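**Q** What follows is the file query.txt, containing compact mmCIF, C-alpha atoms:
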```txt
# COMPACT_ATOMS: atom_id res chain seq x y z
CA TYR Z 1 -4.44 -18.13 -25.35
CA TRP Z 2 -2.72 -18.57 -28.69
CA PHE Z 3 -5.87 -20.09 -30.24
CA TRP Z 4 -8.19 -17.27 -29.23
CA ASN Z 5 -5.82 -14.32 -29.73
CA ASP Z 6 -3.72 -15.57 -32.65
CA LYS Z 7 -0.46 -14.61 -30.95
CA PRO Z 8 1.98 -16.57 -28.81
CA LEU Z 9 2.47 -16.29 -25.08
CA GLN Z 10 5.32 -13.95 -24.19
CA PRO Z 11 7.37 -13.58 -21.02
CA ARG Z 12 6.40 -10.55 -18.95
CA ARG Z 13 7.84 -9.29 -15.72
CA LEU Z 14 5.59 -9.07 -12.72
CA LEU Z 15 3.87 -5.69 -12.37
CA VAL Z 16 1.54 -4.22 -9.77
CA LEU Z 17 -2.02 -4.29 -11.07
CA SER Z 18 -4.73 -2.99 -8.74
CA GLY Z 19 -6.57 -3.69 -5.50
CA ASP Z 20 -4.26 -3.70 -2.49
CA GLU Z 21 -1.12 -4.25 -4.57
CA PRO Z 22 -0.24 -0.57 -5.22
CA HIS Z 23 -0.57 0.16 -1.52
CA TYR Z 24 1.84 -2.62 -0.58
CA MET Z 25 4.25 -1.11 -3.08
CA VAL Z 26 3.88 2.32 -1.44
CA MET Z 27 4.80 0.73 1.90
CA MET Z 28 7.83 -0.99 0.35
CA HIS Z 29 9.13 2.29 -1.07
CA SER Z 30 8.67 4.00 2.28
CA LEU Z 31 10.55 1.23 4.11
CA ALA Z 32 13.32 0.82 1.52
CA PHE Z 33 14.13 4.46 0.80
CA ASP Z 34 12.78 6.46 3.78
CA GLY Z 35 13.24 3.91 6.55
CA ASP Z 36 9.77 4.61 7.93
CA LEU Z 37 6.07 4.08 7.27
CA ASP Z 38 5.00 7.71 6.96
CA VAL Z 39 3.48 7.31 3.50
CA THR Z 40 2.12 10.79 2.75
CA ASP Z 41 5.15 11.75 0.65
CA ASP Z 42 5.09 8.41 -1.17
CA TYR Z 43 1.50 8.78 -2.33
CA LEU Z 44 2.29 12.35 -3.38
CA ALA Z 45 5.39 11.26 -5.33
CA ALA Z 46 3.30 8.62 -7.13
CA THR Z 47 0.89 11.29 -8.39
CA ARG Z 48 3.95 13.11 -9.79
CA SER Z 49 4.73 10.10 -12.04
CA GLY Z 50 6.88 8.32 -9.47
CA PRO Z 51 7.01 4.50 -9.24
CA GLN Z 52 5.77 4.34 -5.64
CA GLN Z 53 2.41 2.79 -6.60
CA GLY Z 54 3.97 0.58 -9.27
CA LEU Z 55 5.22 1.32 -12.75
CA SER Z 56 1.77 0.77 -14.25
CA GLN Z 57 0.21 3.30 -11.84
CA LYS Z 58 2.51 6.28 -12.39
CA GLY Z 59 0.69 9.59 -12.14
CA THR Z 60 -2.50 7.95 -10.87
CA HIS Z 61 -4.58 9.44 -8.06
CA MET Z 62 -5.71 6.52 -5.90
CA ASP Z 63 -7.63 6.18 -2.69
CA HIS Z 64 -5.29 5.78 0.27
CA HIS Z 65 -5.36 2.59 2.33
CA THR Z 66 -4.20 4.51 5.36
CA LEU Z 67 -4.91 5.74 8.86
CA TRP Z 68 -4.44 9.28 10.07
CA VAL Z 69 -2.88 8.89 13.52
CA ASP Z 70 -2.68 11.36 16.35
CA ALA Z 71 0.33 9.97 18.20
CA GLU Z 72 -0.18 12.32 21.16
CA LYS Z 73 -3.77 11.30 21.88
CA GLY Z 74 -3.67 7.76 20.52
CA ALA Z 75 -6.59 8.58 18.21
CA TYR Z 76 -6.88 7.67 14.56
CA PHE Z 77 -9.32 7.61 11.67
CA ARG Z 78 -9.27 5.93 8.29
CA TRP Z 79 -8.72 7.79 5.04
CA TRP Z 80 -12.10 6.42 3.92
CA ASP Z 81 -13.71 8.17 6.90
CA ARG Z 82 -12.73 11.52 5.37
CA TYR Z 83 -13.10 10.85 1.62
CA ASP Z 84 -15.64 9.00 -0.49
CA HIS Z 85 -13.48 7.03 -2.93
CA THR Z 86 -16.51 6.11 -5.05
CA GLN Z 87 -17.14 9.74 -6.04
CA THR Z 88 -14.63 11.98 -7.78
CA ARG Z 89 -14.48 15.78 -8.12
CA ALA Z 90 -12.68 18.30 -10.25
CA CYS Z 91 -9.31 18.95 -8.69
CA GLU Z 92 -6.21 20.89 -9.71
CA GLY Z 93 -2.67 20.28 -8.50
CA ASP Z 94 -1.00 17.08 -7.36
CA THR Z 95 -1.60 17.90 -3.69
CA CYS Z 96 -5.37 18.00 -4.15
CA THR Z 97 -7.33 14.79 -3.49
CA PRO Z 98 -9.74 14.22 -6.40
CA PHE Z 99 -12.35 12.48 -4.25
CA VAL Z 100 -15.42 13.97 -2.63
CA PRO Z 101 -14.50 14.92 0.96
CA LYS Z 102 -16.44 14.19 4.09
CA ALA Z 103 -16.35 16.59 7.03
CA PRO Z 104 -13.74 17.42 8.14
CA PRO Z 105 -11.97 16.82 4.83
CA LEU Z 106 -8.37 17.43 5.88
CA PRO Z 107 -6.20 15.93 8.62
CA LEU Z 108 -5.00 18.04 11.50
CA PRO Z 109 -1.40 19.33 11.21
CA HIS Z 110 -0.09 17.15 14.02
CA MET Z 111 -1.44 13.90 12.54
CA ILE Z 112 0.65 11.49 10.49
CA GLU Z 113 -0.49 9.12 7.73
CA ARG Z 114 0.26 5.44 8.33
CA PRO Z 115 -0.66 2.33 6.30
CA LEU Z 116 -3.87 0.52 7.16
CA HIS Z 117 -2.43 -2.83 6.06
CA PRO Z 118 -0.14 -4.76 8.44
CA ALA Z 119 3.50 -4.06 7.64
CA GLY Z 120 4.70 -7.67 7.70
CA TRP Z 121 4.41 -8.45 3.98
CA PRO Z 122 6.08 -5.24 2.69
CA ALA Z 123 8.75 -5.60 5.37
CA LEU Z 124 9.48 -9.21 4.32
CA LEU Z 125 9.75 -8.25 0.64
CA THR Z 126 11.89 -5.23 1.44
CA ALA Z 127 14.25 -7.32 3.56
CA ALA Z 128 14.52 -9.87 0.73
CA VAL Z 129 15.52 -7.35 -1.93
CA LEU Z 130 17.57 -4.80 0.05
CA PRO Z 131 20.81 -6.82 -0.27
CA THR Z 132 20.55 -6.30 -4.06
CA ARG Z 133 20.60 -2.50 -3.58
CA PRO Z 134 17.39 -1.74 -5.49
CA THR Z 135 16.50 1.62 -6.98
CA PRO Z 136 12.97 3.10 -7.00
CA GLU Z 137 12.61 2.04 -10.63
CA ASN Z 138 13.61 -1.62 -10.20
CA LEU Z 139 12.26 -2.31 -6.68
CA GLU Z 140 9.03 -3.66 -8.15
CA SER Z 141 10.65 -6.17 -10.52
CA ARG Z 142 13.09 -7.44 -7.89
CA ALA Z 143 10.29 -7.88 -5.40
CA GLY Z 144 8.47 -9.89 -8.07
CA ILE Z 145 11.42 -12.28 -8.27
CA ALA Z 146 11.37 -12.66 -4.47
CA ILE Z 147 7.65 -13.50 -4.55
CA SER Z 148 8.25 -16.26 -7.10
CA VAL Z 149 11.05 -17.66 -4.96
CA PHE Z 150 8.76 -17.74 -1.90
CA VAL Z 151 6.26 -19.96 -3.70
CA TRP Z 152 8.96 -22.42 -4.76
CA ILE Z 153 10.35 -22.49 -1.21
CA ALA Z 154 6.82 -23.38 -0.06
CA ALA Z 155 6.82 -26.33 -2.45
CA ILE Z 156 10.21 -27.51 -1.15
CA ALA Z 157 8.97 -27.22 2.44
CA ALA Z 158 5.86 -29.21 1.48
CA PHE Z 159 8.13 -31.91 0.02
CA PHE Z 160 10.12 -32.29 3.24
CA ALA Z 161 6.94 -32.14 5.33
CA ALA Z 162 5.59 -35.01 3.21
CA LEU Z 163 8.72 -37.04 3.98
CA GLY Z 164 8.05 -36.36 7.65
CA TYR Z 165 4.60 -37.91 7.27
CA GLY Z 166 6.11 -41.12 5.88
CA PHE Z 167 5.77 -40.46 2.15
CA THR Z 168 8.31 -42.12 -0.11
CA ASP Z 169 10.53 -39.78 -2.10
CA ARG Z 170 8.39 -40.34 -5.20
CA TRP Z 171 5.06 -39.62 -3.50
CA ALA Z 172 6.51 -36.61 -1.67
CA PHE Z 173 7.59 -35.24 -5.05
CA VAL Z 174 4.13 -35.92 -6.50
CA ALA Z 175 2.47 -34.13 -3.57
CA ALA Z 176 4.74 -31.07 -3.79
CA TRP Z 177 4.44 -30.82 -7.56
CA SER Z 178 0.67 -31.27 -7.41
CA PHE Z 179 0.51 -28.46 -4.86
CA LEU Z 180 2.38 -26.23 -7.32
CA ALA Z 181 0.80 -27.21 -10.62
CA GLY Z 182 -2.62 -28.39 -9.48
CA SER Z 183 -3.76 -25.37 -7.47
CA SER Z 184 -3.97 -21.61 -7.75
CA VAL Z 185 -0.85 -21.07 -5.61
CA LEU Z 186 1.39 -20.68 -8.67
CA VAL Z 187 -0.79 -17.79 -9.82
CA TYR Z 188 0.18 -15.96 -6.65
CA SER Z 189 3.85 -16.12 -7.58
CA ARG Z 190 2.71 -13.46 -10.08
CA SER Z 191 0.90 -11.23 -7.60
CA PHE Z 192 1.81 -8.65 -4.97
CA PHE Z 193 -0.95 -9.86 -2.66
CA PRO Z 194 0.55 -11.45 0.49
CA GLU Z 195 -0.59 -15.03 -0.18
CA ALA Z 196 2.85 -16.13 -1.43
CA GLY Z 197 4.46 -15.04 1.84
CA LEU Z 198 1.69 -16.58 3.93
CA THR Z 199 1.87 -19.87 2.04
CA VAL Z 200 5.62 -20.25 2.53
CA MET Z 201 5.29 -19.51 6.26
CA VAL Z 202 2.51 -22.09 6.71
CA ALA Z 203 4.50 -24.70 4.74
CA LEU Z 204 7.65 -24.01 6.78
CA ALA Z 205 5.66 -24.17 10.03
CA LEU Z 206 4.21 -27.53 9.03
CA TRP Z 207 7.61 -28.95 8.10
CA ALA Z 208 9.15 -27.73 11.37
CA LEU Z 209 6.26 -29.13 13.43
CA ARG Z 210 6.59 -32.53 11.77
CA ALA Z 211 10.37 -32.42 12.29
CA GLU Z 212 9.72 -31.89 16.02
CA ARG Z 213 10.98 -28.33 16.02
CA PRO Z 214 8.08 -26.53 17.72
CA VAL Z 215 9.92 -23.26 18.33
CA LEU Z 216 10.89 -22.96 14.65
CA SER Z 217 7.28 -23.74 13.70
CA ALA Z 218 6.06 -21.00 16.07
CA ILE Z 219 8.50 -18.50 14.56
CA ALA Z 220 7.20 -19.21 11.04
CA LEU Z 221 3.59 -18.79 12.18
CA THR Z 222 4.50 -15.59 14.02
CA ALA Z 223 5.76 -14.23 10.70
CA ALA Z 224 2.40 -15.20 9.17
CA VAL Z 225 0.55 -13.36 11.95
CA VAL Z 226 2.64 -10.24 11.35
CA ILE Z 227 1.61 -10.45 7.68
CA LYS Z 228 -2.06 -11.16 8.46
CA PRO Z 229 -3.22 -11.33 12.11
CA ASN Z 230 -5.97 -13.93 11.73
CA PHE Z 231 -3.32 -16.58 11.02
CA GLY Z 232 -3.23 -16.96 14.77
CA LEU Z 233 -5.96 -19.54 14.12
CA ILE Z 234 -3.42 -21.85 12.45
CA GLY Z 235 -1.22 -21.56 15.51
CA ALA Z 236 -4.18 -22.41 17.75
CA ALA Z 237 -4.91 -25.52 15.66
CA PHE Z 238 -1.30 -26.71 15.85
CA ALA Z 239 -1.27 -26.15 19.62
CA ILE Z 240 -4.50 -28.16 20.06
CA ASP Z 241 -3.05 -30.99 18.00
CA LEU Z 242 0.13 -31.14 20.11
CA PHE Z 243 -1.96 -31.23 23.27
CA LEU Z 244 -4.22 -34.01 21.94
CA GLN Z 245 -1.11 -36.04 21.04
CA LYS Z 246 -0.01 -35.63 24.68
CA LYS Z 247 3.23 -34.02 23.54
CA TYR Z 248 3.20 -31.67 26.49
CA GLN Z 249 6.78 -30.42 26.32
CA PRO Z 250 6.58 -29.48 22.60
CA PHE Z 251 3.13 -28.00 23.34
CA VAL Z 252 4.54 -25.69 26.03
CA ARG Z 253 7.54 -24.69 23.88
CA PHE Z 254 5.33 -23.99 20.86
CA CYS Z 255 2.79 -21.93 22.84
CA ALA Z 256 5.46 -19.94 24.67
CA ALA Z 257 7.37 -19.11 21.48
CA PHE Z 258 4.19 -18.30 19.54
CA ALA Z 259 2.73 -16.09 22.27
CA ALA Z 260 6.03 -14.24 22.76
CA GLY Z 261 6.45 -13.75 19.03
CA VAL Z 262 2.95 -12.36 18.55
CA LEU Z 263 3.30 -9.99 21.51
CA VAL Z 264 6.68 -8.67 20.43
CA PHE Z 265 6.48 -8.62 16.65
CA TYR Z 266 2.82 -7.79 16.10
CA LEU Z 267 1.31 -5.97 19.05
CA ALA Z 268 4.44 -4.01 20.02
CA PHE Z 269 5.28 -3.24 16.37
CA THR Z 270 1.77 -1.96 15.69
CA LYS Z 271 1.80 0.10 18.88
CA ALA Z 272 5.14 1.68 17.99
CA LEU Z 273 4.00 2.60 14.48
CA LEU Z 274 0.41 3.65 15.05
CA GLY Z 275 0.00 4.39 18.72
CA THR Z 276 -2.67 1.66 18.91
CA TRP Z 277 -2.37 -2.01 19.76
CA LEU Z 278 -4.58 -3.36 16.97
CA LEU Z 279 -5.36 -2.23 13.44
CA PRO Z 280 -9.04 -1.37 12.97
CA LEU Z 281 -10.95 -3.90 10.89
CA PRO Z 282 -13.22 -2.87 8.01
CA ASP Z 283 -16.89 -2.63 8.90
CA GLY Z 284 -18.61 -6.00 8.62
CA THR Z 285 -15.40 -8.04 8.56
CA PHE Z 286 -16.80 -10.98 10.54
CA TRP Z 287 -20.36 -12.23 10.27
CA PRO Z 288 -22.15 -15.38 11.40
CA LEU Z 289 -21.99 -18.24 8.94
CA THR Z 290 -24.43 -17.56 6.12
CA PHE Z 291 -25.22 -19.23 2.84
CA ALA Z 292 -24.10 -16.11 0.97
CA ALA Z 293 -20.72 -15.99 2.74
CA MET Z 294 -20.12 -19.70 2.21
CA HIS Z 295 -21.03 -19.41 -1.47
CA HIS Z 296 -18.70 -16.44 -1.79
CA THR Z 297 -15.82 -18.44 -0.31
CA MET Z 298 -16.41 -21.91 -1.69
CA THR Z 299 -18.44 -21.92 -4.92
CA SER Z 300 -18.48 -18.44 -6.49
CA LYS Z 301 -17.21 -18.24 -10.05
CA MET Z 302 -14.73 -15.50 -9.11
CA PHE Z 303 -13.26 -16.72 -5.81
CA GLY Z 304 -14.65 -20.19 -5.06
CA LEU Z 305 -12.21 -22.73 -3.65
CA LEU Z 306 -14.14 -25.68 -5.07
CA ILE Z 307 -14.20 -24.07 -8.52
CA PHE Z 308 -10.53 -23.13 -8.79
CA ASP Z 309 -8.99 -25.94 -6.71
CA PRO Z 310 -11.21 -28.98 -7.32
CA PHE Z 311 -8.81 -31.40 -5.64
CA VAL Z 312 -10.32 -30.14 -2.38
CA GLU Z 313 -13.39 -32.36 -2.93
CA VAL Z 314 -11.13 -35.38 -3.48
CA THR Z 315 -9.20 -34.54 -0.32
CA VAL Z 316 -12.34 -34.40 1.81
CA VAL Z 317 -13.71 -37.70 0.46
CA LEU Z 318 -10.39 -39.56 0.83
CA ALA Z 319 -9.80 -38.12 4.31
CA ALA Z 320 -13.27 -39.25 5.42
CA LEU Z 321 -12.62 -42.76 4.08
CA ALA Z 322 -9.21 -42.91 5.77
CA ILE Z 323 -10.58 -41.74 9.13
CA TRP Z 324 -13.29 -44.42 8.88
CA LYS Z 325 -11.24 -47.36 7.62
CA ARG Z 326 -7.64 -46.57 8.67
CA PRO Z 327 -7.51 -45.35 12.28
CA GLU Z 328 -3.69 -45.13 12.14
CA THR Z 329 -4.00 -42.14 9.77
CA ARG Z 330 -6.15 -40.09 12.14
CA PRO Z 331 -3.36 -38.24 14.02
CA ALA Z 332 -1.67 -37.10 10.81
CA LEU Z 333 -4.95 -36.09 9.17
CA ARG Z 334 -5.98 -34.17 12.27
CA GLN Z 335 -2.71 -32.25 12.23
CA LEU Z 336 -3.20 -31.39 8.54
CA LEU Z 337 -6.93 -30.75 8.36
CA LEU Z 338 -7.80 -29.18 11.73
CA PRO Z 339 -6.07 -25.90 10.74
CA CYS Z 340 -7.93 -26.04 7.40
CA ALA Z 341 -11.25 -26.52 9.20
CA PHE Z 342 -10.57 -23.47 11.41
CA TRP Z 343 -9.56 -21.46 8.36
CA PHE Z 344 -12.63 -22.45 6.33
CA VAL Z 345 -15.00 -21.53 9.17
CA LEU Z 346 -13.37 -18.12 9.50
CA ASN Z 347 -13.54 -17.42 5.78
CA CYS Z 348 -17.08 -18.76 5.39
CA GLY Z 349 -18.11 -16.09 7.90
CA ASN Z 350 -16.05 -13.37 6.23
CA LYS Z 351 -17.96 -11.14 3.82
CA VAL Z 352 -15.01 -8.91 2.96
CA ASP Z 353 -14.44 -9.24 -0.78
CA PRO Z 354 -11.05 -10.79 -1.72
CA GLY Z 355 -10.66 -7.84 -4.08
CA TYR Z 356 -8.98 -7.52 -7.44
CA CYS Z 357 -7.64 -11.04 -7.60
CA TYR Z 358 -7.96 -14.53 -9.04
CA GLY Z 359 -9.50 -17.52 -7.34
CA PRO Z 360 -9.70 -18.31 -3.61
CA ARG Z 361 -7.08 -15.85 -2.47
CA TYR Z 362 -7.86 -16.04 1.25
CA LEU Z 363 -7.64 -19.85 1.20
CA VAL Z 364 -4.44 -20.26 -0.83
CA PRO Z 365 -2.16 -20.58 2.26
CA ALA Z 366 -4.12 -23.66 3.39
CA LEU Z 367 -3.42 -25.52 0.13
CA PRO Z 368 -0.15 -27.21 1.27
CA LEU Z 369 -2.07 -28.75 4.20
CA LEU Z 370 -4.92 -29.88 1.95
CA MET Z 371 -2.65 -31.37 -0.69
CA LEU Z 372 -0.68 -33.44 1.85
CA GLY Z 373 -3.94 -34.51 3.46
```
What would you get if you wrote out this structure as structure tokens?

**A**
Amino acid sequence: YWFWNDKPLQPRRLLVLSGDEPHYMVMMHSLAFDGDLDVTDDYLAATRSGPQQGLSQKGTHMDHHTLWVDAEKGAYFRWWDRYDHTQTRACEGDTCTPFVPKAPPLPLPHMIERPLHPAGWPALLTAAVLPTRPTPENLESRAGIAISVFVWIAAIAAFFAALGYGFTDRWAFVAAWSFLAGSSVLVYSRSFFPEAGLTVMVALALWALRAERPVLSAIALTAAVVIKPNFGLIGAAFAIDLFLQKKYQPFVRFCAAFAAGVLVFYLAFTKALLGTWLLPLPDGTFWPLTFAAMHHTMTSKMFGLLIFDPFVEVTVVLAALAIWKRPETRPALRQLLLPCAFWFVLNCGNKVDPGYCYGPRYLVPALPLLMLG
């Protein structure tokens, strides 16, 4: 950086940039200062130079990542169903939406505007910073500190998980530090995308599972599901592994705690907020495995896992050699790599763009498992 720009690197506090990040910040402001998730007033305040979308987005008209919900009828539609965010129009006043409307352009009076994104990540960040009594102006910077702490907690959890797999102290330290410095996870300590929170929950779940605390592991994975629902796949992989190890009592405890947590904290929470059990998925979220989707996930120059985290190739080769030549490693490798295999299959069939981000964002939470493998 210094060579090409002729100026030194300088410290800079974490700021919301673009993509989904401003919309997570809107949700945090609504939770922290309104105690609800009715975000209409928060988007409006942001257009009036408020910090609700982030300090770098003051006064900006943005598309809304929201649902309009009719609580009486249980009906809803997405903001994008009523406005074309790719086409702008002349518009006066901060209450006017400067995007081309679709019919009907305006919500009905009895409908409320709720976030489209799951509330788990903003709720976790809000809970982390509320004890510091944030103000609207410093909520963003304090949340940035919390995000950085989450990534370091993930590394500590990976260290103790490594000890549980029989690593010496030195090799456990090497594994944890390599996970931090040798992958794109550290980048996400500088981002408001939810990967930092997901990574720490997966790392904690792995440590708890290896420490024979299945209920604690299920609680951590429940938190991950509340942040992003498809993390139920990781829970399924852990449950399959416990069953294959014939650890039937931990298997039952894990499944019971995980199922109860998902039902209570995800389904019931979503129903209470939106009047619907499940958030609607964007059109074309899941597709059959295709070359294009696999390239997008694994080898693209913007998001490819193999490009940005090349230790993955080494992991796969060494794991294959170990499974072939060292049968005693198979149970541990299965526990580490089966969730990764589930996750890769899901993402190689997912054609939803990772958005305004760096590297393999969707696959970052699997990196603690890969590094230990």

**Q** With distances taken over all atoms listed in the file, which of Z:Leu186, Z:Leu198, Z:Val225, Z:Val100 is nearest to Asp81 (chain Z)?

**A**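 Using all atoms listed in the file, Asp81 (chain Z) sits closest to Z:Val100.
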
**Q** So that I can see what lies close to Pro122 (chain Z), please list as JSON, numbers by chain the residues with an atom at most 10 Å from it, counting all atoms listed in the file and leaving out residues fewer than 6 positions away in the same chain.

**A** {"Z": [23, 24, 25, 26, 27, 28, 29, 30, 31, 32, 128, 143, 192, 193, 194, 197, 227]}

**Q** Print the selection's residues with C-alpha atoms to a file, as a CSV table (one decimal), in the frame of the given file.

**A**
```csv
chain,number,residue,atom,x,y,z
Z,23,HIS,CA,-0.6,0.2,-1.5
Z,24,TYR,CA,1.8,-2.6,-0.6
Z,25,MET,CA,4.2,-1.1,-3.1
Z,26,VAL,CA,3.9,2.3,-1.4
Z,27,MET,CA,4.8,0.7,1.9
Z,28,MET,CA,7.8,-1.0,0.4
Z,29,HIS,CA,9.1,2.3,-1.1
Z,30,SER,CA,8.7,4.0,2.3
Z,31,LEU,CA,10.6,1.2,4.1
Z,32,ALA,CA,13.3,0.8,1.5
Z,128,ALA,CA,14.5,-9.9,0.7
Z,143,ALA,CA,10.3,-7.9,-5.4
Z,192,PHE,CA,1.8,-8.6,-5.0
Z,193,PHE,CA,-1.0,-9.9,-2.7
Z,194,PRO,CA,0.6,-11.4,0.5
Z,197,GLY,CA,4.5,-15.0,1.8
Z,227,ILE,CA,1.6,-10.4,7.7
```

**Q** Can you tell me how far CA of Glu113 (chain Z) sits from CA of Phe99 (chain Z), in Å to one decimal?

**A** 17.2 Å

**Q** Can you work out which one of Z:Ala175, Z:Ala259, Z:Ile323, Z:Ala46 has the shortest atom-to-atom distance to Leu370 (chain Z), counting all atoms listed in the file?

**A**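 That would be Z:Ala175, the residue with the smallest distance to Leu370 (chain Z).
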
**Q** Separation of CA of Trp207 (chain Z) and CA of Ala162 (chain Z), in Å?

**A**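 Distance between the two atoms: 8.0 Å.
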
**Q** Would you mind telling me which residue in Z:Phe254, Z:Phe160, Z:Tyr356, Z:Tyr362 lies nearest to Gly19 (chain Z) when using only C-alpha atoms?

**A**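 Nearest to Gly19 (chain Z): Z:Tyr356.
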
**Q** Using all atoms of region 251-269 of chain Z that appear in the file, construct an axis-aligned enclosing box with 4 Å of padding on every side and provide its centre coordinates and edge lengths in Å, rounded to one decimal, as JSON.

**A**
```
{"center_x": 4.4, "center_y": -15.6, "center_z": 21.1, "size_x": 14.2, "size_y": 32.8, "size_z": 17.9}
```

**Q** With only C-alpha atoms as the atoms that count, which of Z:Gln245, Z:Thr135, Z:Asn347, Z:Thr97 lies nearest to Arg334 (chain Z)?

**A**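 For Arg334 (chain Z), the nearest of the given residues is Z:Gln245.
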
**Q** When you draw a straight line from CA of Phe303 (chain Z) to CA of Gly355 (chain Z), how long is it in Å?

**A**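 If I compute the distance from CA of Phe303 (chain Z) to CA of Gly355 (chain Z), I get 9.4 Å.
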
**Q** Which residue out of Z:Ser148, Z:Thr40, Z:Thr132, Z:Ser191 has the minimum interatomic distance to Asp20 (chain Z) when all atoms listed in the file are used?

**A**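 Selected residue with least distance to Asp20 (chain Z): Z:Ser191.
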
**Q** Of the candidates Z:Pro51, Z:Arg190, Z:Pro331, Z:Val129, which one gets nearest to Lys246 (chain Z) if we count only C-alpha atoms?

**A**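 Nearest candidate to Lys246 (chain Z) out of Z:Pro51, Z:Arg190, Z:Pro331, Z:Val129: Z:Pro331.
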